[in-house]
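Text of upload18.txt, listed as compact mmCIF, C-alpha atoms:
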```txt
# COMPACT_ATOMS: atom_id res chain seq x y z
CA MET X 902 102.83 66.86 70.45
CA ALA X 903 102.65 70.46 71.73
CA ASP X 904 102.66 71.14 75.46
CA LYS X 905 99.19 71.74 76.87
CA LYS X 906 98.04 74.13 79.55
CA THR X 907 94.95 73.89 81.72
CA MET X 908 92.52 76.75 82.31
CA THR X 909 89.29 77.27 84.22
CA LEU X 910 86.31 78.92 82.53
CA ASN X 911 83.57 80.73 84.43
CA MET X 912 80.22 80.37 82.66
CA THR X 913 76.61 81.22 83.35
CA ASP X 914 74.07 78.41 83.44
CA ALA X 915 72.86 79.41 79.98
CA GLU X 916 76.38 79.34 78.56
CA MET X 917 77.08 75.97 80.14
CA GLU X 918 73.80 74.59 78.78
CA ALA X 919 74.71 75.83 75.30
CA LEU X 920 78.14 74.21 75.57
CA GLU X 921 76.69 70.91 76.76
CA GLU X 922 74.11 70.95 73.96
CA LEU X 923 76.90 71.46 71.40
CA CYS X 924 78.84 68.60 72.98
CA ARG X 925 75.83 66.32 72.54
CA ARG X 926 75.07 67.41 68.97
CA LYS X 927 78.66 67.30 67.75
CA ASP X 928 79.70 64.29 69.82
CA LEU X 929 82.63 66.17 71.35
CA SER X 930 83.99 66.93 74.81
CA LYS X 931 83.75 70.46 76.18
CA THR X 932 87.47 70.95 75.50
CA ALA X 933 87.05 69.86 71.88
CA VAL X 934 84.09 72.22 71.35
CA MET X 935 86.03 75.15 72.81
CA LYS X 936 89.02 74.34 70.58
CA GLN X 937 86.78 74.23 67.50
CA ALA X 938 85.27 77.57 68.50
CA LEU X 939 88.69 79.17 68.97
CA ARG X 940 89.93 77.93 65.61
CA LEU X 941 86.85 79.30 63.86
CA TYR X 942 87.08 82.63 65.68
CA GLN X 943 90.73 83.00 64.66
CA LEU X 944 89.91 82.05 61.06
CA ILE X 945 86.99 84.47 60.80
CA ASN X 946 88.98 87.33 62.27
CA ALA X 947 91.86 86.65 59.88
CA ARG X 948 89.49 86.85 56.92
CA LEU X 949 87.82 90.00 58.22
CA ASP X 950 91.24 91.59 58.79
CA VAL X 951 92.04 91.32 55.07
CA GLY X 952 88.74 92.94 54.13
CA GLU X 953 86.49 89.92 53.55
CA LYS X 954 82.92 89.68 54.83
CA LEU X 955 81.13 86.82 56.55
CA PHE X 956 77.74 85.76 55.16
CA PHE X 957 75.21 83.06 55.82
CA GLU X 958 73.34 81.86 52.74
CA HIS X 959 70.13 79.85 52.88
CA GLU X 960 70.56 76.66 50.84
CA LEU X 961 67.12 76.82 49.22
CA THR X 962 66.25 80.51 48.99
CA ASN X 963 69.83 81.77 48.45
CA LYS X 964 68.95 84.57 50.87
CA LYS X 965 72.16 86.07 52.30
CA SER X 966 72.71 87.74 55.63
CA GLU X 967 75.95 89.31 56.79
CA LEU X 968 77.30 88.39 60.19
CA THR X 969 79.10 91.01 62.22
CA ILE X 970 81.92 89.78 64.46
CA LEU X 971 83.37 91.67 67.40
CA MET Z 190 105.58 75.16 65.02
CA THR Z 191 107.24 72.39 63.02
CA GLU Z 192 107.50 68.81 64.19
CA ARG Z 193 109.35 66.10 62.30
CA SER Z 194 108.91 62.36 62.57
CA VAL Z 195 109.63 59.21 60.60
CA ALA Z 196 107.37 57.88 57.84
CA TYR Z 197 107.85 55.34 55.07
CA LEU Z 198 107.41 55.54 51.31
CA TYR Z 199 107.97 52.87 48.69
CA HIS Z 200 110.91 53.57 46.38
CA ARG Z 201 109.83 52.13 43.04
CA GLN Z 202 113.28 51.86 41.45
CA ASN Z 203 114.91 50.28 44.51
CA LYS Z 204 111.78 48.20 45.14
CA LYS Z 205 111.78 48.75 48.89
CA GLU Z 206 110.27 50.91 51.62
CA VAL Z 207 112.52 53.77 52.68
CA GLU Z 208 112.52 56.08 55.66
CA VAL Z 209 111.40 59.64 54.93
CA VAL Z 210 110.62 62.69 57.07
CA PHE Z 211 107.01 63.50 57.94
CA ILE Z 212 106.64 67.22 58.66
CA ASP Z 213 103.76 68.59 60.72
CA GLY Z 214 103.84 72.33 60.10
CA VAL Z 215 105.85 72.80 56.91
CA ASP Z 216 107.32 76.31 56.99
CA ARG Z 217 107.10 79.04 54.37
CA THR Z 218 110.64 78.43 53.07
CA ASP Z 219 110.09 74.74 52.43
CA VAL Z 220 106.70 75.39 50.83
CA ALA Z 221 108.31 77.95 48.50
CA LYS Z 222 111.08 75.49 47.55
CA ALA Z 223 108.52 72.81 46.76
CA GLN Z 224 106.42 75.22 44.71
CA GLU Z 225 109.43 76.25 42.65
CA SER Z 226 110.73 72.76 41.94
CA TRP Z 227 107.27 71.28 41.31
CA HIS Z 228 106.14 74.10 39.05
CA LYS Z 229 109.11 73.65 36.71
CA LEU Z 230 107.95 70.12 35.96
CA LEU Z 231 104.21 70.69 36.14
CA LYS Z 232 103.77 73.85 34.10
CA ASP Z 233 103.65 72.16 30.68
CA THR Z 234 101.72 69.06 31.77
CA LYS Z 235 98.05 68.16 31.83
CA SER Z 236 98.13 67.53 35.55
CA GLU Z 237 94.95 68.97 37.04
CA HIS Z 238 96.82 70.54 39.94
CA ALA Z 239 99.51 72.13 37.77
CA HIS Z 240 98.00 75.56 38.49
CA TRP Z 241 98.00 75.19 42.31
CA ASN Z 242 100.17 77.76 43.99
CA TRP Z 243 101.35 76.44 47.34
CA ASN Z 244 102.77 79.82 48.34
CA GLU Z 245 99.25 81.24 48.24
CA LYS Z 246 97.91 78.27 50.16
CA TYR Z 247 100.57 78.76 52.81
CA GLN Z 248 99.20 82.24 53.40
CA LEU Z 249 96.01 80.64 54.79
CA VAL Z 250 98.10 78.83 57.39
CA ALA Z 251 100.01 81.99 58.24
CA GLU Z 252 96.77 83.91 58.84
CA ALA Z 253 94.86 81.26 60.77
CA PRO Z 254 97.30 78.60 62.01
CA LEU Z 255 94.76 76.89 64.26
CA ALA Z 256 92.17 76.32 61.53
CA TYR Z 257 94.62 75.39 58.78
CA ARG Z 258 97.48 72.92 59.04
CA ILE Z 259 100.04 71.96 56.43
CA PHE Z 260 101.85 68.63 56.33
CA GLY Z 261 104.64 67.39 54.12
CA LEU Z 262 106.84 64.43 53.31
CA GLU Z 263 110.52 65.03 52.64
CA ALA Z 264 113.12 62.70 51.16
CA GLU Z 265 116.44 63.28 49.45
CA GLY Z 266 116.17 66.97 50.31
CA GLN Z 267 112.99 67.36 48.28
CA MET Z 268 109.35 67.71 49.25
CA GLN Z 269 107.61 64.54 48.05
CA GLY Z 270 104.06 65.61 48.93
CA LEU Z 271 102.07 68.36 50.61
CA MET Z 272 98.64 68.47 52.24
CA LEU Z 273 96.64 71.42 53.56
CA VAL Z 274 93.73 70.66 55.88
CA TRP Z 275 90.99 72.57 57.67
CA THR Z 276 90.60 71.60 61.32
CA ALA Z 277 87.41 73.55 61.97
CA GLY Z 278 84.28 74.75 60.22
CA LYS Z 279 83.63 71.72 58.02
CA PHE Z 280 80.90 69.23 58.81
CA CYS Z 281 79.89 65.74 57.68
CA ARG Z 282 77.37 65.18 54.92
CA ILE Z 283 77.04 61.39 55.25
CA GLU Z 284 73.60 60.85 56.77
CA SER Z 285 74.81 58.83 59.77
CA GLN Z 286 77.37 61.54 60.68
CA LYS Z 287 75.55 64.60 59.44
CA GLY Z 288 76.57 67.87 61.12
CA LYS Z 289 79.50 66.41 63.02
CA PRO Z 290 82.85 68.12 62.49
CA LEU Z 291 85.55 66.54 60.34
CA ILE Z 292 89.03 67.21 59.06
CA TYR Z 293 88.69 68.60 55.55
CA ILE Z 294 91.56 67.99 53.12
CA ASP Z 295 91.63 71.15 51.06
CA TYR Z 296 94.67 70.30 48.94
CA LEU Z 297 96.79 67.19 48.62
CA ALA Z 298 99.47 66.73 45.99
CA THR Z 299 102.37 64.45 45.34
CA ALA Z 300 105.55 65.81 43.77
CA PRO Z 301 105.48 65.62 39.96
CA TRP Z 302 108.36 63.10 39.88
CA ASN Z 303 106.14 60.71 41.85
CA SER Z 304 103.23 60.98 39.45
CA ALA Z 305 102.72 58.66 36.50
CA ASP Z 306 100.72 61.46 34.86
CA VAL Z 307 103.88 63.53 34.65
CA ILE Z 308 106.86 61.20 34.21
CA ALA Z 309 107.27 57.70 32.83
CA GLU Z 310 109.05 56.25 35.86
CA PRO Z 311 107.76 57.80 39.08
CA ILE Z 312 110.07 57.54 42.08
CA TYR Z 313 108.10 57.21 45.32
CA ALA Z 314 104.73 55.51 45.87
CA GLY Z 315 102.49 55.91 48.89
CA VAL Z 316 102.58 59.68 49.38
CA GLY Z 317 98.78 60.01 49.28
CA LYS Z 318 98.32 57.11 51.66
CA VAL Z 319 100.71 58.50 54.27
CA LEU Z 320 99.18 61.97 54.10
CA ILE Z 321 95.59 60.72 54.29
CA ARG Z 322 96.55 58.58 57.27
CA ALA Z 323 97.92 61.73 58.87
CA ALA Z 324 94.58 63.45 58.30
CA VAL Z 325 92.74 60.52 59.90
CA GLN Z 326 95.20 60.57 62.81
CA LEU Z 327 94.63 64.29 63.28
CA SER Z 328 90.88 63.68 63.24
CA LEU Z 329 91.30 61.05 65.96
CA GLU Z 330 93.47 63.38 68.08
CA ASP Z 331 90.82 66.12 67.73
CA GLU Z 332 88.05 63.72 68.92
CA LEU Z 333 86.52 63.70 65.43
CA GLN Z 334 86.65 59.90 65.38
CA GLY Z 335 88.66 59.70 62.18
CA ARG Z 336 86.11 61.52 60.02
CA ILE Z 337 87.67 63.24 57.00
CA GLY Z 338 86.27 64.80 53.82
CA LEU Z 339 87.55 66.22 50.55
CA HIS Z 340 86.64 67.34 47.04
CA SER Z 341 88.54 65.37 44.43
CA LEU Z 342 89.96 66.46 41.11
CA PRO Z 343 88.69 64.10 38.38
CA GLN Z 344 92.12 62.45 37.94
CA ALA Z 345 92.12 61.38 41.61
CA GLU Z 346 88.49 60.23 42.00
CA SER Z 347 89.23 56.54 41.54
CA TYR Z 348 92.07 56.74 44.10
CA TYR Z 349 89.78 58.06 46.83
CA ARG Z 350 86.90 55.77 45.88
CA ASP Z 351 88.77 52.52 45.20
CA ASN Z 352 92.02 52.76 47.15
CA CYS Z 353 90.90 54.77 50.17
CA LYS Z 354 87.35 53.32 50.15
CA MET Z 355 85.84 56.72 50.87
CA THR Z 356 82.13 57.29 50.30
CA ASP Z 357 81.44 59.13 47.05
CA LEU Z 358 78.68 61.66 47.77
CA GLY Z 359 78.50 62.83 44.17
CA GLN Z 360 79.15 66.07 42.36
CA ASP Z 361 79.08 69.22 44.43
CA LYS Z 362 77.66 71.97 42.25
CA ALA Z 363 78.59 74.49 44.92
CA TYR Z 364 82.29 73.61 44.59
CA TYR Z 365 83.38 73.65 40.94
CA GLY Z 366 81.31 70.54 40.25
CA LEU Z 367 83.96 68.35 41.90
CA ARG Z 368 82.92 65.08 43.50
CA TYR Z 369 82.84 65.09 47.29
CA PHE Z 370 84.20 62.16 49.32
CA GLU Z 371 83.94 61.45 53.02
CA THR Z 372 84.68 58.72 55.55
CA THR Z 373 82.75 57.46 58.53
CA PRO Z 374 84.71 56.53 61.68
CA GLU Z 375 84.44 52.88 60.59
CA GLN Z 376 85.84 53.58 57.11
CA SER Z 377 88.72 55.56 58.60
CA ALA Z 378 89.52 52.79 61.08
CA SER Z 379 89.58 50.31 58.23
CA PHE Z 380 91.86 52.60 56.18
CA ILE Z 381 94.28 53.01 59.09
CA ARG Z 382 94.42 49.23 59.61
CA GLY Z 383 95.27 49.07 55.91
```
Output the structure of this file as structure tokens.
Amino acid sequence: MADKKTMTLNMTDAEMEALEELCRRKDLSKTAVMKQALRLYQLINARLDVGEKLFFEHELTNKKSELTIL
Amino acid sequence: MTERSVAYLYHRQNKKEVEVVFIDGVDRTDVAKAQESWHKLLKDTKSEHAHWNWNEKYQLVAEAPLAYRIFGLEAEGQMQGLMLVWTAGKFCRIESQKGKPLIYIDYLATAPWNSADVIAEPIYAGVGKVLIRAAVQLSLEDELQGRIGLHSLPQAESYYRDNCKMTDLGQDKAYYGLRYFETTPEQSASFIRG
């Protein structure tokens, strides 16, 4: 297993509330949520880097909206 | 980063379990070797994954190595099976687990010489089982409680339904009409216990 490093995150109350809500909904620890978020962020940026776009599509209406990532 | 450990496959001709190498993080060179040797045998067969190009799949791992992982089983200097999984961005569809993240098996294949669809006397058995166990193990390590999901090619549906005891959630019209299978934490625990 890869070596692990510890870090401290500084968050506002709103950010911490959002993180805790995600932990409850996804049944994950804060560390696991942050890891999932990092993986997704890396994946999305990799796709954007090769010229792809990120869309959300509504399941019923098929309405699409493009998401812009910084 | 590549890590190697010991796994076991059943050698059909010798009628015994043999030690093989489980690879977490198969590198580009080994993927290319597998693609070349597999393709020679698969190209003129009716195997449903004959058209898969593992070099292209490896590119996903190269671009986003946290979200994609590739695992392999090696024996006698040859890749006996490969599996590419997503570790983020896929969520459960089973009602009791709905919306919770899972490990999604994007591609899983055994080498053509291990497949009864390709040759009359396949060599190793158990490749799928070892790789699916690895996916469940990864899910457990990631706090996903063993949840895994996959879309199955028609030739493999009965394996996932009957051997792995995964829940068949029916045809997914949004994904080539393939049937979608998933496990709950309980199903995964049962599979691991074997």
Residue nearest Z:Ile292 among X:Phe957, X:Lys964, X:Glu921, X:Gln937 (counting all atoms listed in the file):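 That would be X:Gln937, the residue with the smallest distance to Z:Ile292.
With atom CA of Z:Ile294 on one side and atom CA of Z:Ile321 on the other, the separation reads 8.4 Å.
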Who sits within 6 Å of stretch 210-218 of chain Z, only C-alpha atoms, same chain under 4 positions skipped, as a PyMOL selection string: chain Z and resi 190-196+259-263
For chain X versus chain Z, which residues have an atom no more than 7 Å away, and what is each residue's nearest atom pair and distance in Å rounded to one decimal, using only C-alpha atoms, chain-then-number order, as a Markdown table?
```
| residue | atom | partner | partner_atom | distance |
| --- | --- | --- | --- | --- |
| X:Lys927 | CA | Z:Lys289 | CA | 4.9 |
| X:Leu929 | CA | Z:Glu332 | CA | 6.4 |
| X:Ala933 | CA | Z:Asp331 | CA | 6.7 |
| X:Gln937 | CA | Z:Ala277 | CA | 5.6 |
| X:Arg940 | CA | Z:Ala256 | CA | 4.9 |
| X:Leu941 | CA | Z:Ala277 | CA | 6.1 |
| X:Gln943 | CA | Z:Ala253 | CA | 5.9 |
| X:Leu944 | CA | Z:Ala253 | CA | 5.0 |
| X:Ala947 | CA | Z:Glu252 | CA | 5.7 |
```
Do you have the atom CA of Z:Met272-atom CA of Z:Pro343 distance handy?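 Atom CA of Z:Pro343 lies 17.6 Å from atom CA of Z:Met272.
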Find the residues near stretch 908-917 of chain X: any atom within 12 Å, counting all atoms listed in the file, skip ones fewer than 3 places away on the same chain, and give them as a compact mmCIF listing (two decimals) with C-alpha atoms, in the frame of the given file.
```
# COMPACT_ATOMS: atom_id res chain seq x y z
CA LYS X 905 99.19 71.74 76.87
CA LEU X 920 78.14 74.21 75.57
CA GLU X 921 76.69 70.91 76.76
CA GLU X 922 74.11 70.95 73.96
CA LEU X 923 76.90 71.46 71.40
CA CYS X 924 78.84 68.60 72.98
CA LYS X 931 83.75 70.46 76.18
CA THR X 932 87.47 70.95 75.50
CA VAL X 934 84.09 72.22 71.35
CA MET X 935 86.03 75.15 72.81
```
Go ahead and compute the interatomic distance for atom CA of Z:Asn203 and atom CA of Z:Trp227, in Å to one decimal.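 Value for the atom CA of Z:Asn203-atom CA of Z:Trp227 distance: 22.6 Å.
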So which residues touch stretch 230-246 of chain Z within 9 Å, counting only C-alpha atoms, skipping near sequence neighbours fewer than 5 positions away, as a list of chain:residue names?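 Selected residues are Z:Arg217, Z:Val220, Z:Ala221, Z:Ala223, Z:Gln224, Z:Leu271, Z:Leu273, Z:Tyr296, Z:Ala298, Z:Pro301, Z:Trp302, Z:Asp306, Z:Val307, Z:Leu342, Z:Pro343, Z:Gln344.
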